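Here's input_37.tsv, which has TSV, C-alpha atoms and all ligand atoms:
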```tsv
chain	number	residue	atom	x	y	z
A	1	MET	CA	144.30	74.91	259.84
A	2	ASN	CA	143.76	78.61	260.67
A	3	VAL	CA	144.53	80.31	263.98
A	4	TYR	CA	140.95	79.89	265.24
A	5	GLY	CA	141.04	76.18	264.47
A	6	ARG	CA	144.34	75.71	266.24
A	7	VAL	CA	143.85	77.92	269.30
A	8	ALA	CA	140.19	78.59	270.05
A	9	ARG	CA	138.30	75.58	268.70
A	10	PRO	CA	139.69	73.05	271.23
A	11	PHE	CA	138.42	75.34	274.02
A	12	ASP	CA	135.10	75.98	272.26
A	13	ASP	CA	134.51	72.25	271.78
A	14	ARG	CA	134.91	71.73	275.50
A	15	PHE	CA	133.66	74.96	277.12
A	16	ASP	CA	131.63	76.81	274.42
A	17	LEU	CA	133.81	79.84	275.25
A	18	THR	CA	133.32	82.04	272.16
A	19	ASN	CA	129.51	81.96	272.37
A	20	ARG	CA	129.50	82.55	276.11
A	21	LEU	CA	131.96	85.48	275.95
A	22	HIS	CA	130.02	86.94	273.01
A	23	ALA	CA	126.73	86.69	274.94
A	24	ALA	CA	128.28	88.11	278.13
A	25	PHE	CA	130.18	91.09	276.68
A	26	LEU	CA	129.42	91.83	273.02
A	27	ASP	CA	125.86	90.84	272.15
A	28	ARG	CA	124.30	94.27	272.83
A	29	THR	CA	122.65	96.70	270.44
A	30	VAL	CA	124.00	100.25	270.56
A	31	PRO	CA	120.98	102.61	270.49
A	32	GLU	CA	120.64	104.77	267.36
A	33	HIS	CA	121.44	108.10	269.12
A	34	ALA	CA	124.65	106.66	270.59
A	35	ARG	CA	126.12	105.70	267.20
A	36	ARG	CA	128.12	108.91	267.03
A	37	TYR	CA	131.90	109.26	267.17
A	38	TYR	CA	131.86	111.18	270.47
A	39	PHE	CA	130.15	108.24	272.20
A	40	CYS	CA	133.36	106.26	271.48
A	41	PHE	CA	135.68	108.44	273.59
A	42	GLY	CA	135.27	106.31	276.74
A	43	GLY	CA	135.94	103.12	274.75
A	44	ILE	CA	139.02	104.70	273.15
A	45	ALA	CA	140.28	105.71	276.62
A	46	PHE	CA	139.87	102.06	277.68
A	47	LEU	CA	141.76	100.84	274.58
A	48	LEU	CA	144.57	103.26	275.46
A	49	ILE	CA	144.68	101.83	279.00
A	50	LEU	CA	145.20	98.35	277.53
A	51	ILE	CA	148.06	99.72	275.35
A	52	GLU	CA	149.58	101.35	278.46
A	53	ILE	CA	149.46	98.05	280.35
A	54	VAL	CA	151.18	96.05	277.57
A	55	THR	CA	153.90	98.65	276.85
A	56	GLY	CA	154.34	99.47	280.58
A	57	VAL	CA	154.97	95.83	281.49
A	58	ILE	CA	157.59	95.58	278.70
A	59	LEU	CA	159.29	98.77	279.98
A	60	THR	CA	159.61	97.32	283.50
A	61	PHE	CA	161.83	94.55	282.07
A	62	TYR	CA	164.57	97.19	281.57
A	63	TYR	CA	163.76	100.22	283.71
A	64	VAL	CA	165.70	100.56	287.00
A	65	PRO	CA	164.04	102.88	289.59
A	66	THR	CA	167.15	104.29	291.33
A	67	PRO	CA	168.63	107.79	290.94
A	68	GLU	CA	171.90	106.28	289.63
A	69	GLU	CA	170.29	104.00	287.02
A	70	ALA	CA	166.90	105.51	286.07
A	71	TYR	CA	168.10	107.94	283.38
A	72	ALA	CA	170.68	105.48	282.02
A	73	SER	CA	168.08	102.68	281.84
A	74	THR	CA	165.59	104.82	279.87
A	75	TYR	CA	168.47	105.84	277.55
A	76	TYR	CA	169.33	102.18	277.16
A	77	ILE	CA	165.70	101.31	276.33
A	78	SER	CA	165.53	104.03	273.65
A	79	HIS	CA	168.90	103.33	272.03
A	80	PHE	CA	169.90	99.71	272.61
A	81	VAL	CA	166.85	97.51	273.31
A	82	ASN	CA	165.27	96.12	270.11
A	83	TYR	CA	162.21	98.27	269.35
A	84	GLY	CA	162.67	99.86	272.80
A	85	TRP	CA	162.27	103.33	271.23
A	86	LEU	CA	158.94	102.18	269.78
A	87	VAL	CA	157.61	100.71	273.04
A	88	ARG	CA	158.67	103.81	274.98
A	89	SER	CA	157.20	106.21	272.41
A	90	VAL	CA	153.90	104.29	272.24
A	91	HIS	CA	153.73	104.31	276.07
A	92	TYR	CA	154.36	108.06	276.11
A	93	TRP	CA	151.96	109.02	273.31
A	94	ALA	CA	149.15	106.70	274.41
A	95	ALA	CA	149.41	108.40	277.84
A	96	GLN	CA	149.07	111.85	276.24
A	97	LEU	CA	146.10	110.69	274.15
A	98	MET	CA	144.55	109.14	277.24
A	99	VAL	CA	144.34	112.58	278.89
A	100	VAL	CA	142.81	114.03	275.69
A	101	PHE	CA	140.19	111.27	275.38
A	102	VAL	CA	139.28	111.17	279.08
A	103	ILE	CA	138.62	114.94	278.95
A	104	GLY	CA	136.71	114.48	275.64
A	105	HIS	CA	134.66	111.68	277.22
A	106	MET	CA	133.93	113.79	280.30
A	107	LEU	CA	132.78	116.69	278.08
A	108	ARG	CA	130.53	114.33	276.08
A	109	VAL	CA	128.95	113.00	279.29
A	110	TYR	CA	128.44	116.57	280.50
A	111	LEU	CA	127.04	117.95	277.22
A	112	THR	CA	124.60	115.05	276.74
A	113	ALA	CA	123.56	115.51	280.42
A	114	SER	CA	124.39	111.84	281.06
A	115	TYR	CA	125.62	112.65	284.59
A	116	LYS	CA	122.00	113.09	285.75
A	117	ARG	CA	119.98	110.61	287.80
A	118	PRO	CA	120.42	107.59	287.86
A	119	ARG	CA	124.03	108.04	286.69
A	120	GLU	CA	125.30	110.46	289.39
A	121	PHE	CA	127.32	107.74	291.13
A	122	ASN	CA	128.99	106.87	287.86
A	123	TRP	CA	129.91	110.53	287.37
A	124	VAL	CA	131.54	110.48	290.83
A	125	ILE	CA	133.43	107.28	289.93
A	126	GLY	CA	134.39	109.11	286.69
A	127	VAL	CA	135.86	111.99	288.69
A	128	GLY	CA	137.95	109.36	290.52
A	129	LEU	CA	139.06	107.95	287.14
A	130	PHE	CA	140.06	111.43	286.02
A	131	ALA	CA	142.11	111.95	289.21
A	132	LEU	CA	143.76	108.55	288.67
A	133	THR	CA	144.63	109.46	285.06
A	134	MET	CA	146.31	112.65	286.30
A	135	ALA	CA	148.12	110.72	289.05
A	136	PHE	CA	149.49	108.30	286.42
A	137	THR	CA	150.76	111.28	284.41
A	138	LEU	CA	152.40	112.89	287.45
A	139	THR	CA	154.11	109.72	288.70
A	140	GLY	CA	155.16	108.56	285.20
A	141	HIS	CA	156.67	111.92	284.37
A	142	LEU	CA	159.34	111.62	287.10
A	143	LEU	CA	160.55	108.15	286.08
A	144	PRO	CA	163.02	109.12	283.27
A	145	TRP	CA	164.81	111.14	285.99
A	146	ASP	CA	166.02	113.89	283.64
A	147	SER	CA	166.12	117.57	284.62
A	148	GLY	CA	162.62	118.25	283.18
A	149	ALA	CA	161.19	115.39	285.26
A	150	TYR	CA	163.06	116.48	288.38
A	151	TRP	CA	162.05	120.14	288.27
A	152	SER	CA	158.43	119.63	287.21
A	153	THR	CA	157.96	117.21	290.13
A	154	THR	CA	159.69	119.65	292.50
A	155	VAL	CA	157.27	122.39	291.39
A	156	THR	CA	154.19	120.09	291.66
A	157	LEU	CA	155.15	118.95	295.15
A	158	SER	CA	155.84	122.48	296.33
A	159	LEU	CA	152.36	123.41	295.06
A	160	ALA	CA	150.91	120.45	297.01
A	161	ASP	CA	152.79	121.79	300.04
A	162	LYS	CA	150.72	125.00	299.82
A	163	ILE	CA	147.37	123.19	300.39
A	164	PRO	CA	146.07	124.44	303.76
A	165	VAL	CA	146.40	122.14	306.81
A	166	ILE	CA	147.19	118.82	305.07
A	167	GLY	CA	149.51	120.13	302.31
A	168	SER	CA	152.86	119.63	304.07
A	169	SER	CA	151.94	116.07	305.13
A	170	ILE	CA	150.86	115.20	301.56
A	171	SER	CA	154.05	116.55	299.98
A	172	TYR	CA	156.22	114.87	302.65
A	173	LEU	CA	154.42	111.56	302.08
A	174	MET	CA	154.93	111.82	298.32
A	175	MET	CA	158.55	112.98	298.55
A	176	GLY	CA	159.57	110.25	300.97
A	177	GLY	CA	162.02	112.64	302.65
A	178	GLU	CA	163.25	116.23	302.42
A	179	GLY	CA	163.24	117.23	298.75
A	180	VAL	CA	162.84	115.18	295.57
A	181	GLY	CA	165.29	112.26	295.74
A	182	ALA	CA	165.68	108.48	295.89
A	183	GLY	CA	162.65	108.16	298.19
A	184	THR	CA	160.44	110.09	295.76
A	185	LEU	CA	161.53	108.00	292.80
A	186	THR	CA	160.82	104.72	294.63
A	187	ARG	CA	157.41	105.92	295.81
A	188	PHE	CA	156.39	107.28	292.41
A	189	PHE	CA	157.50	104.06	290.69
A	190	SER	CA	155.62	101.89	293.19
A	191	ALA	CA	152.49	104.06	292.80
A	192	HIS	CA	152.81	104.06	289.00
A	193	ILE	CA	153.05	100.30	288.58
A	194	MET	CA	151.14	98.93	291.60
A	195	LEU	CA	148.95	101.28	293.66
A	196	LEU	CA	147.41	103.29	290.82
A	197	PRO	CA	146.78	100.28	288.51
A	198	ALA	CA	145.03	98.46	291.39
A	199	ALA	CA	142.86	101.53	292.09
A	200	LEU	CA	142.18	101.96	288.36
A	201	ALA	CA	141.04	98.32	288.06
A	202	LEU	CA	138.61	98.83	290.97
A	203	PHE	CA	137.21	102.10	289.62
A	204	LEU	CA	136.91	100.78	286.05
A	205	GLY	CA	135.16	97.66	287.35
A	206	ALA	CA	132.60	99.86	289.16
A	207	HIS	CA	132.29	102.19	286.12
A	208	PHE	CA	131.58	99.38	283.65
A	209	TRP	CA	129.31	97.52	286.07
A	210	MET	CA	127.11	100.62	286.44
A	211	ILE	CA	127.08	101.23	282.66
A	212	ARG	CA	125.89	97.62	282.22
A	213	LYS	CA	123.24	97.96	284.91
A	214	GLN	CA	121.92	101.36	283.76
A	215	GLY	CA	122.53	101.14	280.01
A	216	ILE	CA	123.70	104.07	277.93
A	217	SER	CA	121.79	107.31	278.58
A	218	GLY	CA	118.84	108.13	276.28
A	219	PRO	CA	118.64	110.80	273.55
A	220	LEU	CA	118.38	114.41	274.75
A	301	LIG	C1	139.78	106.03	282.61
A	301	LIG	C2	138.84	106.82	282.18
A	301	LIG	C3	137.47	106.38	281.67
A	301	LIG	C4	137.10	105.30	280.91
A	301	LIG	C5	138.01	104.20	280.34
A	301	LIG	C6	135.66	105.38	280.73
A	301	LIG	C7	134.91	104.50	279.97
A	301	LIG	C8	133.57	104.66	279.69
A	301	LIG	C9	132.82	103.95	278.67
A	301	LIG	C10	133.41	102.89	277.73
A	301	LIG	C11	131.54	104.38	278.72
A	301	LIG	C12	130.39	103.95	277.79
A	301	LIG	C13	129.93	105.13	276.91
A	301	LIG	C14	130.99	105.96	276.26
A	301	LIG	O1	132.03	105.42	275.86
A	301	LIG	O2	130.80	107.20	276.14
A	301	LIG	C15	131.44	105.36	279.81
A	301	LIG	C16	130.28	105.98	280.22
A	301	LIG	C17	130.20	106.94	281.23
A	301	LIG	N1	131.28	107.58	281.83
A	301	LIG	FE1	133.21	107.04	281.61
A	301	LIG	N2	135.19	106.48	281.42
A	301	LIG	C18	136.26	107.14	281.98
A	301	LIG	C19	136.24	108.33	282.68
A	301	LIG	C20	135.08	109.03	283.00
A	301	LIG	C21	135.04	110.36	283.59
A	301	LIG	C22	136.29	111.21	283.87
A	301	LIG	C23	133.72	110.67	283.80
A	301	LIG	C24	133.12	111.90	284.43
A	301	LIG	C25	133.69	112.62	285.35
A	301	LIG	C26	132.92	109.54	283.34
A	301	LIG	C27	131.55	109.42	283.43
A	301	LIG	C28	130.78	108.52	282.72
A	301	LIG	C29	129.32	108.44	282.75
A	301	LIG	C30	128.38	109.30	283.63
A	301	LIG	C31	128.97	107.45	281.81
A	301	LIG	C32	127.54	107.03	281.42
A	301	LIG	C33	127.24	107.81	280.16
A	301	LIG	C34	125.94	107.46	279.48
A	301	LIG	O3	125.21	106.59	279.95
A	301	LIG	O4	125.69	108.13	278.44
A	301	LIG	N3	133.78	108.57	282.83
A	301	LIG	N4	132.69	105.52	280.37
```

I'd like the structure from this file rewritten - as structure tokens, please.
Ligand code: HEM
Amino acid sequence: MNVYGRVARPFDDRFDLTNRLHAAFLDRTVPEHARRYYFCFGGIAFLLILIEIVTGVILTFYYVPTPEEAYASTYYISHFVNYGWLVRSVHYWAAQLMVVFVIGHMLRVYLTASYKRPREFNWVIGVGLFALTMAFTLTGHLLPWDSGAYWSTTVTLSLADKIPVIGSSISYLMMGGEGVGAGTLTRFFSAHIMLLPAALALFLGAHFWMIRKQGISGPL
């Protein structure tokens, strides 16, 4: 018996799952003008998010978010955990590609004028998604706790400190004390694996809901 027969058919026999999921999510015709590679950038960004979730969860099995252990634990993942180097590299490169494809997607939406009425709210949600992508990059970058991570975060937070009126509060809140240290690492780790994913889920839910309601924008 094949995999479908063993795994899915018992559920299909009882709940008609495959047909219902197909009707709910996949049974849509992509309009002719949208069958171009640059209309896939948003979907690719979503695929990369899924890769980030799977590899990120595996990394948390070994990563230790303390100044004493963080660097050693990432070294351990890369050199001693089976396929740890692969999981870590995929997590890193999918994150880089994510930035590339989110910017590509944003440019596509802009150049096809898809941000116009009635999709303005979805553009605003998109700006939130872009900010979240950048926040993931910033918080993830500190986690290996090497000198590059330490100094780039120090520079970013000192830039945040220069924002008029609220800057010093923002940088203090992110640092969790005076200067980049244990407090910063704990806060960035917590944001990277809990706060930001929760916000991303909410924003993506709203993004996809609006795309479903409004359909893909028409030809120019
Ligand atoms: C995490 C990042 C994002 C993901 C996963 C995502 C995903 C998607 C997907 C799958 C679509 C369907 C059409 C397509 O793929 O081109 C779409 C459409 C759209 N996205 Fe995004 N998106 C993201 C970020 C953004 C950003 C940064 C903006 C703008 C600032 C944006 C604005 C829009 C708009 C306005 C549409 C409707 C386009 C149309 O109807 O032609 N999105 N998004």

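What separates atom CA of Tyr71 of chain A from atom CA of Trp145 of chain A is a distance of 5.3 Å.
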
For ligand LIG 301 (chain A), which of A:Tyr38, A:Trp85, A:Phe46, A:Tyr172 is the closest residue, counting all atoms listed in the file?
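Result for the nearest residue to ligand LIG 301 (chain A): A:Phe46.
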
Nearest residue to ligand LIG 301 (chain A) from the set A:Asp12, A:Glu120, A:Glu52, A:Glu68 (distances using all atoms listed in the file)
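Comparing A:Asp12, A:Glu120, A:Glu52, A:Glu68 against ligand LIG 301 (chain A), the winner is A:Glu120.
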
Let me see if you get this right: every residue at most 8 Å from ligand LIG 301 (chain A), counting only C-alpha atoms and all ligand atoms, written as a PyMOL selection string.
chain A and resi 38-47+49+98+102-103+105-110+112-116+119-133+200+204+207-208+211+214-218

Contacts of Tyr76 of chain A at 12 Å (only C-alpha atoms; same-chain gap of 5+ positions) as a PDB file with C-alpha atoms, in the frame of the given file:
```
ATOM      1  CA  LEU A  59     159.290  98.770 279.980  1.00  0.00           C
ATOM      2  CA  PHE A  61     161.830  94.550 282.070  1.00  0.00           C
ATOM      3  CA  TYR A  62     164.570  97.190 281.570  1.00  0.00           C
ATOM      4  CA  TYR A  63     163.760 100.220 283.710  1.00  0.00           C
ATOM      5  CA  VAL A  64     165.700 100.560 287.000  1.00  0.00           C
ATOM      6  CA  GLU A  69     170.290 104.000 287.020  1.00  0.00           C
ATOM      7  CA  ALA A  70     166.900 105.510 286.070  1.00  0.00           C
ATOM      8  CA  TYR A  71     168.100 107.940 283.380  1.00  0.00           C
ATOM      9  CA  VAL A  81     166.850  97.510 273.310  1.00  0.00           C
ATOM     10  CA  ASN A  82     165.270  96.120 270.110  1.00  0.00           C
ATOM     11  CA  TYR A  83     162.210  98.270 269.350  1.00  0.00           C
ATOM     12  CA  GLY A  84     162.670  99.860 272.800  1.00  0.00           C
ATOM     13  CA  TRP A  85     162.270 103.330 271.230  1.00  0.00           C
ATOM     14  CA  ARG A  88     158.670 103.810 274.980  1.00  0.00           C
ATOM     15  CA  PRO A 144     163.020 109.120 283.270  1.00  0.00           C
TER      16      PRO A 144
END
```

If I only have part of segment 105-139 of chain A, can you fill in N, CA and C atoms and write it as a PDB file, keeping the file's coordinate frame?
```
ATOM      1  N   HIS A 105     135.737 112.542 276.733  1.00  0.00           N
ATOM      2  CA  HIS A 105     134.660 111.680 277.220  1.00  0.00           C
ATOM      3  C   HIS A 105     133.846 112.397 278.313  1.00  0.00           C
ATOM      4  N   MET A 106     134.580 113.068 279.210  1.00  0.00           N
ATOM      5  CA  MET A 106     133.930 113.790 280.300  1.00  0.00           C
ATOM      6  C   MET A 106     133.042 114.914 279.730  1.00  0.00           C
ATOM      7  N   LEU A 107     133.560 115.623 278.710  1.00  0.00           N
ATOM      8  CA  LEU A 107     132.780 116.690 278.080  1.00  0.00           C
ATOM      9  C   LEU A 107     131.533 116.115 277.409  1.00  0.00           C
ATOM     10  N   ARG A 108     131.691 114.970 276.743  1.00  0.00           N
ATOM     11  CA  ARG A 108     130.530 114.330 276.080  1.00  0.00           C
ATOM     12  C   ARG A 108     129.465 113.992 277.111  1.00  0.00           C
ATOM     13  N   VAL A 109     129.907 113.384 278.244  1.00  0.00           N
ATOM     14  CA  VAL A 109     128.950 113.000 279.290  1.00  0.00           C
ATOM     15  C   VAL A 109     128.251 114.244 279.833  1.00  0.00           C
ATOM     16  N   TYR A 110     129.017 115.332 279.978  1.00  0.00           N
ATOM     17  CA  TYR A 110     128.440 116.570 280.500  1.00  0.00           C
ATOM     18  C   TYR A 110     127.450 117.165 279.495  1.00  0.00           C
ATOM     19  N   LEU A 111     127.872 117.260 278.219  1.00  0.00           N
ATOM     20  CA  LEU A 111     127.040 117.950 277.220  1.00  0.00           C
ATOM     21  C   LEU A 111     125.783 117.156 276.845  1.00  0.00           C
ATOM     22  N   THR A 112     125.816 115.826 277.004  1.00  0.00           N
ATOM     23  CA  THR A 112     124.600 115.050 276.740  1.00  0.00           C
ATOM     24  C   THR A 112     123.812 114.840 278.050  1.00  0.00           C
ATOM     25  N   ALA A 113     124.222 115.550 279.105  1.00  0.00           N
ATOM     26  CA  ALA A 113     123.560 115.510 280.420  1.00  0.00           C
ATOM     27  C   ALA A 113     123.451 114.084 280.971  1.00  0.00           C
ATOM     28  N   SER A 114     124.456 113.242 280.642  1.00  0.00           N
ATOM     29  CA  SER A 114     124.390 111.840 281.060  1.00  0.00           C
ATOM     30  C   SER A 114     124.810 111.644 282.515  1.00  0.00           C
ATOM     31  N   TYR A 115     125.214 112.737 283.178  1.00  0.00           N
ATOM     32  CA  TYR A 115     125.620 112.650 284.590  1.00  0.00           C
ATOM     33  C   TYR A 115     124.389 112.664 285.506  1.00  0.00           C
ATOM     34  N   LYS A 116     123.188 112.940 284.905  1.00  0.00           N
ATOM     35  CA  LYS A 116     122.000 113.090 285.750  1.00  0.00           C
ATOM     36  C   LYS A 116     121.492 111.746 286.261  1.00  0.00           C
ATOM     37  N   ARG A 117     120.608 111.797 287.247  1.00  0.00           N
ATOM     38  CA  ARG A 117     119.980 110.610 287.800  1.00  0.00           C
ATOM     39  C   ARG A 117     119.561 109.650 286.683  1.00  0.00           C
ATOM     40  N   PRO A 118     119.839 108.343 286.737  1.00  0.00           N
ATOM     41  CA  PRO A 118     120.420 107.590 287.860  1.00  0.00           C
ATOM     42  C   PRO A 118     121.938 107.400 287.724  1.00  0.00           C
ATOM     43  N   ARG A 119     122.616 108.278 286.955  1.00  0.00           N
ATOM     44  CA  ARG A 119     124.030 108.040 286.690  1.00  0.00           C
ATOM     45  C   ARG A 119     124.955 108.913 287.534  1.00  0.00           C
ATOM     46  N   GLU A 120     124.438 109.563 288.599  1.00  0.00           N
ATOM     47  CA  GLU A 120     125.300 110.460 289.390  1.00  0.00           C
ATOM     48  C   GLU A 120     126.470 109.719 290.023  1.00  0.00           C
ATOM     49  N   PHE A 121     126.222 108.484 290.497  1.00  0.00           N
ATOM     50  CA  PHE A 121     127.320 107.740 291.130  1.00  0.00           C
ATOM     51  C   PHE A 121     128.408 107.459 290.110  1.00  0.00           C
ATOM     52  N   ASN A 122     127.980 107.177 288.870  1.00  0.00           N
ATOM     53  CA  ASN A 122     128.990 106.870 287.860  1.00  0.00           C
ATOM     54  C   ASN A 122     129.780 108.120 287.497  1.00  0.00           C
ATOM     55  N   TRP A 123     129.169 109.281 287.578  1.00  0.00           N
ATOM     56  CA  TRP A 123     129.910 110.530 287.370  1.00  0.00           C
ATOM     57  C   TRP A 123     130.980 110.675 288.460  1.00  0.00           C
ATOM     58  N   VAL A 124     130.582 110.365 289.716  1.00  0.00           N
ATOM     59  CA  VAL A 124     131.540 110.480 290.830  1.00  0.00           C
ATOM     60  C   VAL A 124     132.702 109.492 290.628  1.00  0.00           C
ATOM     61  N   ILE A 125     132.362 108.257 290.225  1.00  0.00           N
ATOM     62  CA  ILE A 125     133.430 107.280 289.930  1.00  0.00           C
ATOM     63  C   ILE A 125     134.305 107.833 288.795  1.00  0.00           C
ATOM     64  N   GLY A 126     133.660 108.492 287.806  1.00  0.00           N
ATOM     65  CA  GLY A 126     134.390 109.110 286.690  1.00  0.00           C
ATOM     66  C   GLY A 126     135.370 110.162 287.166  1.00  0.00           C
ATOM     67  N   VAL A 127     134.956 110.970 288.147  1.00  0.00           N
ATOM     68  CA  VAL A 127     135.860 111.990 288.690  1.00  0.00           C
ATOM     69  C   VAL A 127     137.092 111.296 289.300  1.00  0.00           C
ATOM     70  N   GLY A 128     136.838 110.155 289.977  1.00  0.00           N
ATOM     71  CA  GLY A 128     137.950 109.360 290.520  1.00  0.00           C
ATOM     72  C   GLY A 128     138.856 108.872 289.391  1.00  0.00           C
ATOM     73  N   LEU A 129     138.263 108.431 288.279  1.00  0.00           N
ATOM     74  CA  LEU A 129     139.060 107.950 287.140  1.00  0.00           C
ATOM     75  C   LEU A 129     139.902 109.079 286.550  1.00  0.00           C
ATOM     76  N   PHE A 130     139.315 110.277 286.537  1.00  0.00           N
ATOM     77  CA  PHE A 130     140.060 111.430 286.020  1.00  0.00           C
ATOM     78  C   PHE A 130     141.268 111.726 286.926  1.00  0.00           C
ATOM     79  N   ALA A 131     141.018 111.700 288.254  1.00  0.00           N
ATOM     80  CA  ALA A 131     142.110 111.950 289.210  1.00  0.00           C
ATOM     81  C   ALA A 131     143.201 110.885 289.044  1.00  0.00           C
ATOM     82  N   LEU A 132     142.781 109.628 288.837  1.00  0.00           N
ATOM     83  CA  LEU A 132     143.760 108.550 288.670  1.00  0.00           C
ATOM     84  C   LEU A 132     144.587 108.773 287.397  1.00  0.00           C
ATOM     85  N   THR A 133     143.906 109.206 286.316  1.00  0.00           N
ATOM     86  CA  THR A 133     144.630 109.460 285.060  1.00  0.00           C
ATOM     87  C   THR A 133     145.706 110.523 285.285  1.00  0.00           C
ATOM     88  N   MET A 134     145.344 111.582 286.020  1.00  0.00           N
ATOM     89  CA  MET A 134     146.310 112.650 286.300  1.00  0.00           C
ATOM     90  C   MET A 134     147.448 112.140 287.189  1.00  0.00           C
ATOM     91  N   ALA A 135     147.096 111.262 288.148  1.00  0.00           N
ATOM     92  CA  ALA A 135     148.120 110.720 289.050  1.00  0.00           C
ATOM     93  C   ALA A 135     149.108 109.843 288.266  1.00  0.00           C
ATOM     94  N   PHE A 136     148.595 109.096 287.282  1.00  0.00           N
ATOM     95  CA  PHE A 136     149.490 108.300 286.420  1.00  0.00           C
ATOM     96  C   PHE A 136     150.453 109.219 285.678  1.00  0.00           C
ATOM     97  N   THR A 137     149.922 110.343 285.170  1.00  0.00           N
ATOM     98  CA  THR A 137     150.760 111.280 284.410  1.00  0.00           C
ATOM     99  C   THR A 137     151.849 111.861 285.315  1.00  0.00           C
ATOM    100  N   LEU A 138     151.442 112.277 286.519  1.00  0.00           N
ATOM    101  CA  LEU A 138     152.400 112.890 287.450  1.00  0.00           C
ATOM    102  C   LEU A 138     153.510 111.890 287.825  1.00  0.00           C
ATOM    103  N   THR A 139     153.109 110.678 288.224  1.00  0.00           N
ATOM    104  CA  THR A 139     154.110 109.720 288.700  1.00  0.00           C
ATOM    105  C   THR A 139     154.992 109.228 287.546  1.00  0.00           C
TER     106      THR A 139
END
```
